[in-house]
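Worksheet: the structure to be examined is printed underneath.
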Amino acid sequence: MAKKMKKVLNCIVVTAAMLLIVASMGSASGSELILEDNFESYSVGSYLSSPWYNIWSGDTAYVSDSYAYSGSKSFYSKGKPNWARTDAVQIEPNKQIAYEVAVYATAYPTDAHISLYNKDISDWGTHYADIRFLDGKIYARGGGANGIAEYQTNTWYKVKVEADFDTQKMDVYINGALLGNQLNMGGTSGEALYNTFTLGAEHSSGNSGVYFDDVKIYAEGTAPESLLIDVWTDKSKYNIGETVTIYYQTNTACTAKLTVTKPDGTQVVVGGPDDIPVCTRSKSAAAGYPTGTRTVTFEAWTSDESKEATCYFNL
Ligand SMILES: [Ca+2]
């Protein structure tokens with residue numbers, strides 16, 4: 001009777017722990033994905049379809065299979081002397097907005113320009129929270145002293161910008177690293193005056209042009225952390241021969257590996273490395289000698305980032 005009661009209690013504790021984890025993972029994604037395009041749905045050589053449209057004609061723009069961050073296709077954009085190429089999607093001017101895009105330059109000179117934009121403010125429009133890839137340097141707004149990183153040709157860079165029109169500040173991440181912390185982003189406090197998101201190649205882009213891929217725009221909040229993982233066991237102490245159950249969880253499809261380290265340092269790979277979907281899964285095995293503390297390590301990685309979570313149990 002007492003044992004049965006304990007089992008029920010354990011079950012409640014595990015269920016409560018799982019609910020807590022699911023709840024916290026849910027709140028981490030308090031933003032809404034309002035646009036996503038990996039350019040895989042278009043024919044090579046064609047222009048984009050609605051909601052994309054052209055603002056400045058530049059030299060050319062089309063879907064290409066020469067380079068891709070995801071799949072096999074990306075969007076190629078090329079300006080010409082004194083005439084930029086700019087393509088856009090109309091978006092609601094939310095005060096808090098985040099965007100992500102992968103950028104690839106094949107040669108210098110390049111002048112990629114990504115922004116929140118309003119064509120009707122001033123003669124050539126006004127950019128907010130904009131990023132430029134200009135001849136080896138990544139700039140957050142304009143140029144000059146605002147360089148935050150260098151870039152190489154023939155390399156993909158993942159840009160993420162989190163903009164807040166209340167504070168007029170933005171955070172800029174390059175390949176997941178925060179390289180621009182609370183930078184000025186332009187505009188008037190409390191007013192979100194943009195009405196488009198743009199991808200462009202400015203008029204100084206010469207003959208090189210630039211490739212874009214994996215555009216994501218999030219409204220009302222910040223972009224969620226892309227990879228969250230957790231690992232836990234159903235109990236903290238087991239008897240020899242008792243079944244140990246390890247739970248592991250990820251909010252993003254990833255490659256995962258589950259390892260148990262014994263008190264003498266011996267490592268046993270319980271699962272992986274293999275590709276797993278968004279899931280909560282478990283592995284069970286009978287507890288064996290030697291006694292002592294076991295460390296469970298759950299490693300997970302995507303093309304962008306890697307995470308490690310640990311938990312412990314005793315025999
Ligand atoms: Ca793609």
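How things are named: the first chain in the structure tokens is A, the next is B, and so on; residues count from 1 in each chain; ligands count from 1 in the order shown.
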To check your reading of the model: which residues sit at most 6 Å from ligand 1 when counting only C-alpha atoms and all ligand atoms? Write the answer as an mmCIF file with C-alpha atoms, in the first residue's frame.
```cif
data_model
loop_
_atom_site.group_PDB
_atom_site.id
_atom_site.type_symbol
_atom_site.label_atom_id
_atom_site.label_comp_id
_atom_site.auth_asym_id
_atom_site.auth_seq_id
_atom_site.Cartn_x
_atom_site.Cartn_y
_atom_site.Cartn_z
ATOM 1 C CA ASN A 38 13.352 30.112 -47.212
ATOM 2 C CA PHE A 39 12.887 30.731 -50.974
ATOM 3 C CA GLU A 40 12.512 27.001 -51.667
ATOM 4 C CA ALA A 68 21.723 28.342 -50.068
ATOM 5 C CA TYR A 69 21.671 28.577 -46.285
ATOM 6 C CA SER A 70 18.695 26.216 -46.193
ATOM 7 C CA GLY A 71 17.621 23.761 -48.865
ATOM 8 C CA SER A 72 18.996 24.525 -52.329
ATOM 9 C CA LYS A 73 17.781 28.070 -53.070
ATOM 10 C CA SER A 74 18.251 31.653 -51.929
ATOM 11 C CA ASP A 213 18.049 33.166 -47.236
ATOM 12 C CA ASP A 214 15.835 32.113 -44.322
#
```
Correct to one decimal, the distance CA of Lys160 (chain A)-CA of Glu305 (chain A) is 13.7 Å
Long-range neighbours of Arg132 (chain A) as a list in words, 6 Å cut-off, only C-alpha atoms, 5 positions minimum in chain: Ala112, His113, Ile138 and Tyr139 of chain A
Go ahead and write the selection's residues with N, CA and C atoms as a PDB file, in the first residue's frame.
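Written output follows (part_4.pdb):
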```
ATOM      1  N   ALA A 112      25.141  44.971 -48.989  1.00  0.00           N
ATOM      2  CA  ALA A 112      23.826  44.429 -48.636  1.00  0.00           C
ATOM      3  C   ALA A 112      23.185  45.338 -47.599  1.00  0.00           C
ATOM      4  N   HIS A 113      21.899  45.548 -47.707  1.00  0.00           N
ATOM      5  CA  HIS A 113      21.200  46.453 -46.786  1.00  0.00           C
ATOM      6  C   HIS A 113      19.864  45.826 -46.395  1.00  0.00           C
ATOM      7  N   ILE A 138      30.406  44.555 -41.097  1.00  0.00           N
ATOM      8  CA  ILE A 138      28.969  44.567 -40.835  1.00  0.00           C
ATOM      9  C   ILE A 138      28.656  45.790 -39.978  1.00  0.00           C
ATOM     10  N   TYR A 139      27.746  46.625 -40.460  1.00  0.00           N
ATOM     11  CA  TYR A 139      27.385  47.847 -39.748  1.00  0.00           C
ATOM     12  C   TYR A 139      25.952  47.761 -39.227  1.00  0.00           C
TER      13      TYR A 139
END
```
Please determine, counting only C-alpha atoms, which residue among A:Leu193, A:Val210, A:Leu258, A:Ala300 has the shortest atom-to-atom distance to Val63 (chain A).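 Ranked by minimum distance to Val63 (chain A), first place goes to A:Val210.
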Find the residues near Pro51 (chain A): any atom within 12 Å, counting only C-alpha atoms, skip ones fewer than 6 places away on the same chain, and give them as a VMD selection string. chain A and resid 34 to 37 87 to 91 196 to 198
Output of the above residues as a short mmCIF file (atom, residue, chain, number, x, y, z; two decimals), in the first residue's frame, restricted to N, CA and C atoms:
```
data_model
loop_
_atom_site.label_atom_id
_atom_site.label_comp_id
_atom_site.auth_asym_id
_atom_site.auth_seq_id
_atom_site.Cartn_x
_atom_site.Cartn_y
_atom_site.Cartn_z
N ILE A 34 5.47 36.35 -38.08
CA ILE A 34 4.54 36.93 -39.05
C ILE A 34 4.98 36.73 -40.50
N LEU A 35 6.25 36.38 -40.70
CA LEU A 35 6.68 36.07 -42.06
C LEU A 35 7.86 35.12 -42.02
N GLU A 36 7.83 34.13 -42.89
CA GLU A 36 8.95 33.20 -42.99
C GLU A 36 9.12 32.84 -44.45
N ASP A 37 10.33 32.96 -44.99
CA ASP A 37 10.56 32.56 -46.38
C ASP A 37 11.97 31.98 -46.51
N ASP A 87 13.88 45.06 -52.35
CA ASP A 87 12.63 44.31 -52.37
C ASP A 87 12.06 44.26 -50.96
N ALA A 88 10.73 44.22 -50.87
CA ALA A 88 10.09 44.46 -49.58
C ALA A 88 8.86 43.60 -49.37
N VAL A 89 8.49 43.47 -48.10
CA VAL A 89 7.16 42.98 -47.73
C VAL A 89 6.54 44.04 -46.82
N GLN A 90 5.25 44.28 -47.00
CA GLN A 90 4.56 45.20 -46.09
C GLN A 90 4.32 44.49 -44.77
N ILE A 91 4.57 45.20 -43.67
CA ILE A 91 4.30 44.62 -42.35
C ILE A 91 3.66 45.67 -41.46
N THR A 196 7.48 48.59 -43.98
CA THR A 196 7.98 47.45 -44.77
C THR A 196 9.25 46.88 -44.13
N PHE A 197 9.52 45.63 -44.45
CA PHE A 197 10.82 45.00 -44.19
C PHE A 197 11.49 44.86 -45.55
N THR A 198 12.76 45.24 -45.64
CA THR A 198 13.40 45.21 -46.96
C THR A 198 14.70 44.41 -46.98
#
```
Could you list, as a PDB file with C-alpha atoms, in the first residue's frame, every residue within 12 Å of Trp124 (chain A), counting only C-alpha atoms and ignoring same-chain residues fewer than 3 positions away?
```pdb
ATOM      1  CA  ILE A  55      10.666  49.079 -54.465  1.00  0.00           C
ATOM      2  CA  TRP A  56      13.916  50.063 -56.246  1.00  0.00           C
ATOM      3  CA  TRP A  83      20.661  52.785 -58.346  1.00  0.00           C
ATOM      4  CA  ALA A  84      19.907  50.391 -55.489  1.00  0.00           C
ATOM      5  CA  THR A  86      15.365  46.900 -52.864  1.00  0.00           C
ATOM      6  CA  TYR A 117      11.792  50.973 -43.986  1.00  0.00           C
ATOM      7  CA  ASN A 118       9.352  53.697 -44.916  1.00  0.00           C
ATOM      8  CA  LYS A 119       9.718  54.871 -48.516  1.00  0.00           C
ATOM      9  CA  ASP A 120       7.634  58.012 -47.929  1.00  0.00           C
ATOM     10  CA  ILE A 121       9.711  59.563 -45.143  1.00  0.00           C
ATOM     11  CA  HIS A 127      15.616  53.019 -42.714  1.00  0.00           C
TER      12      HIS A 127
END
```
